[in-house]
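Q: Sharing data.tsv below, TSV, C-alpha atoms:
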chain	number	residue	atom	x	y	z
A	25	MET	CA	-40.46	12.63	23.69
A	26	LYS	CA	-36.83	13.54	24.29
A	27	THR	CA	-34.14	11.00	25.08
A	28	SER	CA	-31.13	11.88	27.24
A	29	LEU	CA	-27.87	11.25	25.36
A	30	GLY	CA	-25.51	12.28	28.15
A	31	ALA	CA	-22.86	14.98	28.47
A	32	LYS	CA	-21.46	14.92	24.94
A	33	THR	CA	-20.06	17.37	22.40
A	34	ILE	CA	-22.84	16.77	19.94
A	35	VAL	CA	-24.67	19.73	18.46
A	36	VAL	CA	-25.45	20.78	14.91
A	37	PRO	CA	-24.52	22.44	12.71
A	38	ALA	CA	-20.76	22.19	13.38
A	39	PRO	CA	-18.28	23.69	10.90
A	40	VAL	CA	-15.54	21.97	8.92
A	41	TRP	CA	-12.63	24.38	8.85
A	42	CYS	CA	-9.04	23.77	7.81
A	43	ILE	CA	-6.55	25.61	10.02
A	44	GLY	CA	-3.31	26.72	8.37
A	45	SER	CA	-0.05	27.25	10.26
A	46	TYR	CA	3.73	27.16	9.78
A	47	ASP	CA	5.87	24.85	11.88
A	48	ALA	CA	9.25	25.76	13.38
A	49	GLU	CA	11.00	25.06	10.05
A	50	GLY	CA	8.47	27.10	8.12
A	51	LYS	CA	6.74	24.07	6.60
A	52	PRO	CA	3.08	24.82	5.89
A	53	ASN	CA	0.59	22.59	7.63
A	54	VAL	CA	-3.17	22.32	7.70
A	55	MET	CA	-5.49	20.63	10.20
A	56	THR	CA	-9.26	20.26	10.16
A	57	VAL	CA	-11.29	21.33	13.17
A	58	ALA	CA	-14.99	21.28	13.96
A	59	TRP	CA	-14.69	22.96	17.36
A	60	GLY	CA	-14.93	26.68	16.63
A	61	GLY	CA	-17.11	29.66	15.80
A	62	ILE	CA	-17.31	33.42	15.56
A	63	CYS	CA	-16.98	34.83	19.09
A	64	CYS	CA	-17.00	38.64	18.83
A	65	SER	CA	-18.13	41.25	16.30
A	66	VAL	CA	-15.87	44.14	17.42
A	67	PRO	CA	-13.02	43.29	17.13
A	68	PRO	CA	-14.05	40.58	14.66
A	69	CYS	CA	-12.85	37.30	16.18
A	70	VAL	CA	-13.13	33.59	15.51
A	71	THR	CA	-12.35	30.90	18.06
A	72	ILE	CA	-10.93	27.43	17.44
A	73	SER	CA	-10.10	24.76	20.00
A	74	LEU	CA	-7.15	22.38	19.68
A	75	ARG	CA	-5.65	19.60	21.75
A	76	LYS	CA	-2.09	20.27	22.90
A	77	ALA	CA	-1.10	16.95	21.33
A	78	THR	CA	-1.73	18.29	17.82
A	79	TYR	CA	1.17	19.49	15.69
A	80	THR	CA	-0.78	22.65	14.88
A	81	TYR	CA	-1.00	23.61	18.57
A	82	GLY	CA	2.75	24.21	18.84
A	83	SER	CA	2.85	26.09	15.56
A	84	ILE	CA	0.08	28.49	16.54
A	85	MET	CA	1.58	29.05	19.99
A	86	ALA	CA	4.94	29.89	18.39
A	87	ARG	CA	3.67	32.14	15.59
A	88	GLN	CA	0.48	33.49	17.25
A	89	ALA	CA	-1.34	33.27	13.96
A	90	TYR	CA	-3.58	30.94	11.99
A	91	THR	CA	-5.82	30.92	8.96
A	92	VAL	CA	-9.25	29.35	8.50
A	93	SER	CA	-9.74	27.88	5.01
A	94	VAL	CA	-13.34	26.86	4.30
A	95	PRO	CA	-13.53	23.84	1.97
A	96	SER	CA	-16.32	23.56	-0.57
A	97	ALA	CA	-18.13	20.22	-0.77
A	98	ASP	CA	-15.80	19.30	-3.65
A	99	TYR	CA	-12.96	19.13	-1.11
A	100	ALA	CA	-14.71	17.13	1.63
A	101	LYS	CA	-12.27	14.22	1.20
A	102	GLU	CA	-9.21	16.46	1.49
A	103	ALA	CA	-10.71	18.16	4.54
A	104	ASP	CA	-11.35	14.79	6.16
A	105	TYR	CA	-7.77	13.73	5.46
A	106	TYR	CA	-6.50	16.95	7.09
A	107	GLY	CA	-8.24	15.81	10.26
A	108	ILE	CA	-6.79	12.30	10.14
A	109	ALA	CA	-3.09	12.75	9.24
A	110	SER	CA	-0.58	14.74	11.33
A	111	GLY	CA	1.82	17.38	10.02
A	112	ARG	CA	4.42	15.71	12.22
A	113	ASP	CA	4.47	12.75	9.86
A	114	VAL	CA	3.52	14.05	6.42
A	115	ASP	CA	3.30	17.18	4.28
A	116	LYS	CA	-0.49	17.31	3.99
A	117	PHE	CA	-0.45	19.90	1.20
A	118	LYS	CA	1.83	17.70	-0.93
A	119	GLU	CA	-0.17	14.55	-0.17
A	120	THR	CA	-3.37	16.18	-1.43
A	121	GLY	CA	-1.85	18.23	-4.25
A	122	LEU	CA	-3.28	21.46	-2.84
A	123	THR	CA	-1.41	24.75	-2.65
A	124	PRO	CA	-0.23	26.54	0.50
A	125	ALA	CA	-0.60	30.28	-0.18
A	126	LYS	CA	1.41	32.63	2.00
A	127	SER	CA	-0.70	35.21	3.82
A	128	GLU	CA	0.65	38.72	3.49
A	129	LEU	CA	-1.10	39.75	6.70
A	130	VAL	CA	-0.40	37.00	9.24
A	131	ASP	CA	2.34	34.41	9.72
A	132	ALA	CA	0.36	31.43	8.41
A	133	PRO	CA	-0.54	29.80	5.09
A	134	TYR	CA	-3.99	29.08	3.67
A	135	VAL	CA	-5.38	26.62	1.14
A	136	GLU	CA	-5.41	28.43	-2.20
A	137	GLU	CA	-8.03	26.14	-3.78
A	138	PHE	CA	-10.64	26.67	-1.03
A	139	PRO	CA	-13.24	29.35	-1.80
A	140	MET	CA	-13.11	31.37	1.45
A	141	ILE	CA	-10.31	32.07	3.90
A	142	LEU	CA	-9.84	34.05	7.12
A	143	GLU	CA	-6.48	35.41	8.27
A	144	CYS	CA	-6.22	35.60	12.07
A	145	ARG	CA	-3.78	36.73	14.71
A	146	VAL	CA	-4.10	35.21	18.17
A	147	ILE	CA	-5.22	37.72	20.79
A	148	HIS	CA	-6.07	35.28	23.58
A	149	HIS	CA	-5.80	31.66	24.53
A	150	HIS	CA	-7.33	29.84	27.43
A	151	GLU	CA	-7.03	26.30	28.79
A	152	ILE	CA	-10.41	24.65	29.24
A	153	GLY	CA	-9.53	20.98	29.65
A	154	LEU	CA	-8.50	18.60	26.89
A	155	HIS	CA	-8.71	21.52	24.47
A	156	THR	CA	-7.05	24.92	24.40
A	157	HIS	CA	-9.31	27.66	23.23
A	158	PHE	CA	-7.74	30.19	20.84
A	159	VAL	CA	-9.34	33.54	20.04
A	160	GLY	CA	-8.08	34.94	16.75
A	161	GLU	CA	-8.76	38.45	15.55
A	162	ILE	CA	-9.87	38.32	11.92
A	163	VAL	CA	-7.50	40.59	10.02
A	164	ASP	CA	-9.05	39.91	6.62
A	165	VAL	CA	-11.51	37.63	4.85
A	166	LYS	CA	-10.85	36.66	1.25
A	167	ALA	CA	-13.18	34.82	-1.11
A	168	ASP	CA	-13.07	33.55	-4.66
A	169	ASP	CA	-14.87	35.84	-7.08
A	170	SER	CA	-16.88	32.79	-8.14
A	171	VAL	CA	-18.69	32.63	-4.76
A	172	LEU	CA	-19.41	36.37	-4.50
A	173	ALA	CA	-22.62	38.15	-5.46
A	174	GLY	CA	-21.45	41.74	-5.27
A	175	ASP	CA	-19.79	42.00	-1.86
A	176	ARG	CA	-21.95	39.22	-0.39
A	177	ILE	CA	-21.08	35.56	0.04
A	178	ASP	CA	-23.39	33.31	-1.98
A	179	MET	CA	-23.60	30.16	0.13
A	180	SER	CA	-25.21	28.14	-2.68
A	181	ARG	CA	-22.07	28.73	-4.73
A	182	LEU	CA	-19.59	28.35	-1.87
A	183	ARG	CA	-21.23	25.07	-0.71
A	184	PRO	CA	-19.46	24.61	2.65
A	185	VAL	CA	-19.27	21.30	4.47
A	186	VAL	CA	-21.33	20.84	7.64
A	187	PHE	CA	-20.38	18.30	10.31
A	188	ASN	CA	-22.70	16.24	12.46
A	189	PRO	CA	-20.57	15.15	15.45
A	190	GLY	CA	-23.43	13.05	16.84
A	191	GLY	CA	-23.57	11.00	13.64
A	192	GLY	CA	-19.98	11.16	12.40
A	193	GLU	CA	-21.03	12.39	8.99
A	194	TYR	CA	-20.56	15.40	6.68
A	195	TYR	CA	-23.40	17.13	4.86
A	196	GLY	CA	-23.75	19.67	2.10
A	197	ILE	CA	-25.89	22.79	2.10
A	198	GLY	CA	-29.53	22.64	1.02
A	199	ALA	CA	-32.05	25.21	-0.09
A	200	SER	CA	-32.41	28.77	1.16
A	201	LEU	CA	-34.82	29.16	4.07
A	202	GLY	CA	-35.03	32.94	3.73
A	203	GLY	CA	-33.44	36.16	4.91
A	204	ALA	CA	-32.06	36.72	8.41
A	205	PHE	CA	-33.68	39.46	10.52
A	206	SER	CA	-36.48	39.22	7.98
A	207	ILE	CA	-38.51	35.98	7.81
A	208	GLY	CA	-39.43	36.16	11.50
A	209	ARG	CA	-40.72	39.75	11.53
A	210	PRO	CA	-44.24	39.88	12.95
B	9	MET	CA	-8.71	34.92	-7.90
B	10	LYS	CA	-9.53	35.93	-4.32
B	11	THR	CA	-11.08	39.27	-3.37
B	12	SER	CA	-10.37	40.90	0.00
B	13	LEU	CA	-13.60	41.55	1.91
B	14	GLY	CA	-12.01	43.19	4.95
B	15	ALA	CA	-11.98	42.31	8.64
B	16	LYS	CA	-15.49	40.94	9.04
B	17	THR	CA	-17.29	38.23	11.01
B	18	ILE	CA	-18.23	36.30	7.93
B	19	VAL	CA	-17.51	32.60	7.77
B	20	VAL	CA	-19.64	29.57	6.98
B	21	PRO	CA	-21.23	27.46	8.21
B	22	ALA	CA	-22.50	29.41	11.25
B	23	PRO	CA	-25.08	27.84	13.57
B	24	VAL	CA	-28.56	29.05	14.45
B	25	TRP	CA	-29.05	28.29	18.12
B	26	CYS	CA	-31.75	29.49	20.48
B	27	ILE	CA	-30.42	30.25	23.95
B	28	GLY	CA	-32.82	29.72	26.85
B	29	SER	CA	-32.56	31.56	30.17
B	30	TYR	CA	-34.72	32.77	33.07
B	31	ASP	CA	-34.83	36.45	33.96
B	32	ALA	CA	-34.82	37.85	37.52
B	33	GLU	CA	-38.57	37.21	37.87
B	34	GLY	CA	-38.24	33.67	36.56
B	35	LYS	CA	-39.81	34.46	33.18
B	36	PRO	CA	-38.44	32.13	30.49
B	37	ASN	CA	-36.71	33.85	27.60
B	38	VAL	CA	-35.04	32.69	24.41
B	39	MET	CA	-32.60	34.48	22.12
B	40	THR	CA	-31.06	33.33	18.86
B	41	VAL	CA	-27.29	33.44	18.40
B	42	ALA	CA	-24.97	32.55	15.54
B	43	TRP	CA	-21.74	33.26	17.40
B	44	GLY	CA	-20.84	29.99	19.09
B	45	GLY	CA	-19.41	26.50	18.80
B	46	ILE	CA	-18.14	23.48	20.67
B	47	CYS	CA	-14.91	24.47	22.44
B	48	CYS	CA	-13.71	21.47	24.44
B	49	SER	CA	-14.27	17.70	24.45
B	50	VAL	CA	-13.32	17.00	28.10
B	51	PRO	CA	-15.15	18.53	29.88
B	52	PRO	CA	-17.69	18.82	27.06
B	53	CYS	CA	-18.23	22.55	26.54
B	54	VAL	CA	-20.01	24.86	24.14
B	55	THR	CA	-19.31	28.56	23.81
B	56	ILE	CA	-21.73	31.35	22.93
B	57	SER	CA	-21.03	35.06	22.64
B	58	LEU	CA	-23.50	37.76	23.65
B	59	ARG	CA	-23.55	41.53	23.76
B	60	LYS	CA	-23.98	42.98	27.25
B	61	ALA	CA	-26.94	44.96	25.91
B	62	THR	CA	-29.00	41.81	25.42
B	63	TYR	CA	-31.60	40.81	27.99
B	64	THR	CA	-30.18	37.28	27.99
B	65	TYR	CA	-26.75	38.50	29.09
B	66	GLY	CA	-28.02	39.60	32.52
B	67	SER	CA	-30.03	36.42	32.97
B	68	ILE	CA	-27.07	34.14	32.24
B	69	MET	CA	-24.76	36.17	34.46
B	70	ALA	CA	-27.27	35.91	37.32
B	71	ARG	CA	-28.13	32.21	36.96
B	72	GLN	CA	-24.84	30.93	35.47
B	73	ALA	CA	-26.75	28.61	33.19
B	74	TYR	CA	-28.20	28.45	29.70
B	75	THR	CA	-29.64	25.96	27.26
B	76	VAL	CA	-29.04	25.62	23.53
B	77	SER	CA	-32.17	24.62	21.61
B	78	VAL	CA	-31.50	23.66	17.99
B	79	PRO	CA	-34.40	24.56	15.69
B	80	SER	CA	-35.30	22.36	12.77
B	81	ALA	CA	-35.86	24.08	9.42
B	82	ASP	CA	-39.61	24.04	10.22
B	83	TYR	CA	-38.90	26.62	12.94
B	84	ALA	CA	-36.64	28.98	10.97
B	85	LYS	CA	-39.17	31.81	11.27
B	86	GLU	CA	-39.50	31.43	15.03
B	87	ALA	CA	-35.71	31.28	15.38
B	88	ASP	CA	-35.36	34.45	13.33
B	89	TYR	CA	-37.95	36.19	15.52
B	90	TYR	CA	-36.01	35.15	18.64
B	91	GLY	CA	-33.07	37.10	17.25
B	92	ILE	CA	-35.14	40.19	16.46
B	93	ALA	CA	-37.38	40.72	19.53
B	94	SER	CA	-36.09	41.32	23.07
B	95	GLY	CA	-37.26	39.52	26.21
B	96	ARG	CA	-37.27	42.95	27.84
B	97	ASP	CA	-40.30	43.89	25.77
B	98	VAL	CA	-42.18	40.67	25.04
B	99	ASP	CA	-42.64	37.06	26.13
B	100	LYS	CA	-41.12	35.40	23.07
B	101	PHE	CA	-42.44	31.94	23.96
B	102	LYS	CA	-46.01	33.27	24.17
B	103	GLU	CA	-45.66	35.30	20.98
B	104	THR	CA	-44.63	32.21	19.01
B	105	GLY	CA	-46.83	29.68	20.80
B	106	LEU	CA	-43.86	27.50	21.71
B	107	THR	CA	-43.33	25.84	25.07
B	108	PRO	CA	-40.65	26.66	27.66
B	109	ALA	CA	-39.63	23.35	29.26
B	110	LYS	CA	-37.92	23.52	32.64
B	111	SER	CA	-34.54	21.82	32.72
B	112	GLU	CA	-34.11	19.51	35.69
B	113	LEU	CA	-30.34	19.85	35.49
B	114	VAL	CA	-29.61	23.57	35.05
B	115	ASP	CA	-31.44	26.78	35.94
B	116	ALA	CA	-32.69	27.57	32.43
B	117	PRO	CA	-35.58	26.63	30.14
B	118	TYR	CA	-35.43	25.10	26.66
B	119	VAL	CA	-37.76	25.04	23.65
B	120	GLU	CA	-39.79	21.84	23.95
B	121	GLU	CA	-40.72	21.72	20.24
B	122	PHE	CA	-37.11	21.88	18.98
B	123	PRO	CA	-35.56	18.48	18.19
B	124	MET	CA	-32.24	18.80	20.07
B	125	ILE	CA	-31.26	20.65	23.23
B	126	LEU	CA	-28.14	21.11	25.35
B	127	GLU	CA	-28.22	21.98	29.06
B	128	CYS	CA	-25.21	24.01	30.14
B	129	ARG	CA	-23.76	25.53	33.28
B	130	VAL	CA	-21.37	28.45	32.87
B	131	ILE	CA	-17.81	27.60	33.90
B	132	HIS	CA	-16.07	30.64	32.43
B	133	HIS	CA	-16.77	33.99	30.85
B	134	HIS	CA	-14.38	36.37	29.21
B	135	GLU	CA	-14.74	39.88	27.78
B	136	ILE	CA	-13.43	40.11	24.23
B	137	GLY	CA	-14.86	43.42	22.99
B	138	LEU	CA	-18.44	44.06	21.96
B	139	HIS	CA	-19.23	40.47	22.91
B	140	THR	CA	-18.79	38.49	26.11
B	141	HIS	CA	-17.71	34.95	25.53
B	142	PHE	CA	-19.41	32.33	27.72
B	143	VAL	CA	-18.08	28.79	28.09
B	144	GLY	CA	-20.80	26.40	29.22
B	145	GLU	CA	-20.18	22.86	30.35
B	146	ILE	CA	-22.66	20.55	28.63
B	147	VAL	CA	-24.43	18.69	31.43
B	148	ASP	CA	-26.73	16.75	29.10
B	149	VAL	CA	-27.89	16.58	25.49
B	150	LYS	CA	-31.46	15.56	24.76
B	151	ALA	CA	-33.00	14.79	21.39
B	152	ASP	CA	-36.40	13.83	20.06
B	153	ASP	CA	-36.69	10.13	19.36
B	154	SER	CA	-37.77	11.07	15.83
B	155	VAL	CA	-34.26	12.38	14.98
B	156	LEU	CA	-32.34	9.46	16.50
B	157	ALA	CA	-30.99	6.42	14.69
B	158	GLY	CA	-30.04	4.25	17.65
B	159	ASP	CA	-27.93	6.55	19.82
B	160	ARG	CA	-26.80	8.64	16.84
B	161	ILE	CA	-28.20	11.95	15.64
B	162	ASP	CA	-29.60	11.66	12.11
B	163	MET	CA	-28.98	15.12	10.63
B	164	SER	CA	-31.25	14.47	7.65
B	165	ARG	CA	-34.14	14.06	10.11
B	166	LEU	CA	-33.09	16.84	12.48
B	167	ARG	CA	-32.61	19.32	9.60
B	168	PRO	CA	-30.86	22.18	11.46
B	169	VAL	CA	-30.72	25.72	10.15
B	170	VAL	CA	-27.38	27.05	8.88
B	171	PHE	CA	-26.60	30.77	8.79
B	172	ASN	CA	-24.56	32.64	6.22
B	173	PRO	CA	-23.51	35.88	7.95
B	174	GLY	CA	-21.86	37.16	4.77
B	175	GLY	CA	-25.14	36.90	2.86
B	176	GLY	CA	-27.71	37.41	5.61
B	177	GLU	CA	-29.56	34.22	4.75
B	178	TYR	CA	-30.52	30.88	6.30
B	179	TYR	CA	-30.07	27.54	4.59
B	180	GLY	CA	-31.19	24.00	5.15
B	181	ILE	CA	-29.08	20.85	5.13
B	182	GLY	CA	-28.34	19.05	1.87
B	183	ALA	CA	-27.14	15.57	1.02
B	184	SER	CA	-24.66	13.45	2.95
B	185	LEU	CA	-21.06	13.87	1.79
B	186	GLY	CA	-19.83	10.77	3.63
B	187	GLY	CA	-18.40	9.61	6.93
B	188	ALA	CA	-16.01	11.61	9.08
B	189	PHE	CA	-12.55	10.13	9.70
B	190	SER	CA	-13.40	7.87	6.78
B	191	ILE	CA	-13.83	9.46	3.32
B	192	GLY	CA	-10.34	11.01	3.43
B	193	ARG	CA	-8.42	7.87	4.38
B	194	PRO	CA	-5.61	7.25	1.88
How does the structure come out when it is put into structure tokens?
A:
Amino acid sequence: MKTSLGAKTIVVPAPVWCIGSYDAEGKPNVMTVAWGGICCSVPPCVTISLRKATYTYGSIMARQAYTVSVPSADYAKEADYYGIASGRDVDKFKETGLTPAKSELVDAPYVEEFPMILECRVIHHHEIGLHTHFVGEIVDVKADDSVLAGDRIDMSRLRPVVFNPGGGEYYGIGASLGGAFSIGRP
Amino acid sequence: MKTSLGAKTIVVPAPVWCIGSYDAEGKPNVMTVAWGGICCSVPPCVTISLRKATYTYGSIMARQAYTVSVPSADYAKEADYYGIASGRDVDKFKETGLTPAKSELVDAPYVEEFPMILECRVIHHHEIGLHTHFVGEIVDVKADDSVLAGDRIDMSRLRPVVFNPGGGEYYGIGASLGGAFSIGRP
């Protein structure tokens, strides 16, 4: 039996991604989002949605670039903080003791300590309602050698954080369920 | 030390969502996607990206509606199959023995056996490149009573499937890492 929960932004799994940008003075900032996902394979693109009220919104509009830093479960607290505090008020990198690394490819910083990062340049943005929808072309993906198995990402080593917006809670990654385009073959 | 992996659509966590639609003859179809995410809070919207070559693309364009059915880990094989086979060739519901439920709110079916579903009407679509980006307004979310704790989604009961596109593998959900907007408070 299914219960109606209403018109809500609750669906799982949702990501926990930390969006890096530079403000007008060049100060690095980072903000956590759960509204986003890959949106095109060619060109490779990832979308994120931000409220105009966020400090990051103005920075991305000005520089037309952002990074996505994927925290491991070890950094769930820092990632949560990045979604609570505003770069208008504090230097979130300094507050958490993490390192803003300068991208050589796009005009935005990323979180050095996080195991996987995407460098993106904005190719489109679109007003939906409360949120503005940014489409960023992925210029490069970088990952720590410690989470790579050859040229593949090993999710059991990377251990990303998964968000449940309908429960207000973060989760870790569990066991492998099998290979994609494989376990369902008749 | 970070290694450059190139401009690729690899980021975690990615969702595993089964998109329901009716074709021109009214036959229910379902297709698995990993490219998608929530994209606006007001109105509540979820985006999915599809190649024009998919059977689902034409159905959604014609009916301007889709559902998102979230498989539990118990249905990882069926979800994988829904991403391999095409509704042009087979009736994927019949092949897997799962039930197409008719939405009373939008012109699309959902997978009755899956624990959480979203009913969406298309309010925008946008060509990016290989993929077309659909923005669907969430008209309702429904969940099985068995995955609810009061009016909250209990992710440890729902047990969604998480995709790792950079490893080609599905994963289950692990342990709770704590409350959102809570564990990072200074």
Q: Have a look at atom CA of Pro52 of chain A and atom CA of His150 of chain A and let me know their distance in Å, one decimal.
A: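 So the two atoms, atom CA of Pro52 of chain A and atom CA of His150 of chain A, lie 24.4 Å apart.
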Q: Can you pull out the residues contacting segment 166-169 of chain B? Cut-off 9 Å, using all atoms listed in the file, and skip same-chain residues under 2 positions away; I want them as a VMD selection string.
A: (chain A and resid 36 to 37 201) or (chain B and resid 23 to 25 78 to 84 123 to 124 152 154 to 156 161 to 164 171 178 to 182)
Q: Show which residues sit within 12 Å of Arg59 of chain B, as number ranges by chain. Count all atoms listed in the file, and ignore same-chain residues fewer than 3 positions away.
A: A: 63-66; B: 39, 41, 43, 56, 62-66, 68, 134-142
Q: For the residues in the current selection, export C-alpha atoms as an mmCIF file, in the frame of the given file.
A:
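Generated file (part22.cif):
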data_model
loop_
_atom_site.group_PDB
_atom_site.id
_atom_site.type_symbol
_atom_site.label_atom_id
_atom_site.label_comp_id
_atom_site.auth_asym_id
_atom_site.auth_seq_id
_atom_site.Cartn_x
_atom_site.Cartn_y
_atom_site.Cartn_z
ATOM 1 C CA CYS A 63 -16.980 34.830 19.090
ATOM 2 C CA CYS A 64 -17.000 38.640 18.830
ATOM 3 C CA SER A 65 -18.130 41.250 16.300
ATOM 4 C CA VAL A 66 -15.870 44.140 17.420
ATOM 5 C CA MET B 39 -32.600 34.480 22.120
ATOM 6 C CA VAL B 41 -27.290 33.440 18.400
ATOM 7 C CA TRP B 43 -21.740 33.260 17.400
ATOM 8 C CA ILE B 56 -21.730 31.350 22.930
ATOM 9 C CA THR B 62 -29.000 41.810 25.420
ATOM 10 C CA TYR B 63 -31.600 40.810 27.990
ATOM 11 C CA THR B 64 -30.180 37.280 27.990
ATOM 12 C CA TYR B 65 -26.750 38.500 29.090
ATOM 13 C CA GLY B 66 -28.020 39.600 32.520
ATOM 14 C CA ILE B 68 -27.070 34.140 32.240
ATOM 15 C CA HIS B 134 -14.380 36.370 29.210
ATOM 16 C CA GLU B 135 -14.740 39.880 27.780
ATOM 17 C CA ILE B 136 -13.430 40.110 24.230
ATOM 18 C CA GLY B 137 -14.860 43.420 22.990
ATOM 19 C CA LEU B 138 -18.440 44.060 21.960
ATOM 20 C CA HIS B 139 -19.230 40.470 22.910
ATOM 21 C CA THR B 140 -18.790 38.490 26.110
ATOM 22 C CA HIS B 141 -17.710 34.950 25.530
ATOM 23 C CA PHE B 142 -19.410 32.330 27.720
#
Q: Could you check how far atom CA of Asp104 of chain A sits from atom CA of Gly187 of chain B, in Å to one decimal?
A: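 Taking atom CA of Asp104 of chain A and atom CA of Gly187 of chain B, their separation equals 8.8 Å.
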Q: Go through A:Ala89, A:Ile62, A:Ala173, A:Ala199 and flag the residue nearest Val170 of chain B, using only C-alpha atoms for the distances.
A: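 Residue with the minimum atom-to-atom distance to Val170 of chain B: A:Ala199.
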Q: I'd like to know which of A:Arg181, A:Val130, A:Cys42, A:Glu102 is closest to chain B, using only C-alpha atoms.
A: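 The shortest atom-to-atom distance to chain B comes from A:Glu102.
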Q: Find the residues around Ala15 of chain B up to 8 Å (all atoms listed in the file counted), leave out those fewer than 6 positions away in its own chain, and share them as a PyMOL selection string.
A: chain A and resi 68+162-165
Q: Just the number, please: distance in Å from atom CA of Gly50 of chain A to atom CA of Gly107 of chain A, one decimal.
A: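 Going from atom CA of Gly50 of chain A over to atom CA of Gly107 of chain A covers 20.3 Å.
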Q: Which residue gives the smallest distance to Ala86 of chain A among A:Ser28, A:Val146, A:Lys118, A:Arg112, with all atoms listed in the file counted?
A: A:Val146
Q: Residues at most 8 Å from Gln72 of chain B, counting all atoms listed in the file, excluding those fewer than 5 positions away in the same chain, as a list in words?
A: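 Near Gln72 of chain B, the qualifying residues are Ser67, Asp115, Arg129, Val130 and Ile131 of chain B.
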Q: Considering all atoms listed in the file, return as a tab-separated table (two decimals) with C-alpha atoms, keeping the file's coordinate frame whatever protein or nucleic-acid residues lie within 9 Å of Tyr105 of chain A, sequence-local ones (same chain, fewer than 2 positions apart) excluded.
A:
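The result, written out as out.tsv:
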chain	number	residue	atom	x	y	z
A	55	MET	CA	-5.49	20.63	10.20
A	56	THR	CA	-9.26	20.26	10.16
A	100	ALA	CA	-14.71	17.13	1.63
A	101	LYS	CA	-12.27	14.22	1.20
A	102	GLU	CA	-9.21	16.46	1.49
A	103	ALA	CA	-10.71	18.16	4.54
A	107	GLY	CA	-8.24	15.81	10.26
A	108	ILE	CA	-6.79	12.30	10.14
A	109	ALA	CA	-3.09	12.75	9.24
A	116	LYS	CA	-0.49	17.31	3.99
A	120	THR	CA	-3.37	16.18	-1.43
B	189	PHE	CA	-12.55	10.13	9.70
B	190	SER	CA	-13.40	7.87	6.78
B	191	ILE	CA	-13.83	9.46	3.32
B	192	GLY	CA	-10.34	11.01	3.43
B	193	ARG	CA	-8.42	7.87	4.38
B	194	PRO	CA	-5.61	7.25	1.88
Q: Identify which of the residues B:Leu58, B:Ile27, B:Val119, B:Val38 lies closest to chain A, counting only C-alpha atoms when measuring atom-to-atom distances.
A: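 Residue with the minimum atom-to-atom distance to chain A: B:Leu58.
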Q: Restricting the calculation to only C-alpha atoms, which member of B:Pro108, B:Gly186, B:Ala22, B:His133 is positioned closest to Gly44 of chain B?
A: B:Ala22
Q: Return the single residue from A:Leu29, A:Val35, A:Glu143, A:Asp169 that is closest to Thr55 of chain B, with distances computed using all atoms listed in the file.
A: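 Result for the nearest residue to Thr55 of chain B: A:Val35.
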Q: Please write out, as lines of an AutoDock Vina configuration file, where the centre of an axis-aligned box around all listed atoms of segment 131-135 of chain B lies and how long its edges are, in Å to one decimal, after adding 3 Å on each side.
A:
center_x = -16.1
center_y = 33.7
center_z = 30.8
size_x = 9.4
size_y = 18.3
size_z = 12.1
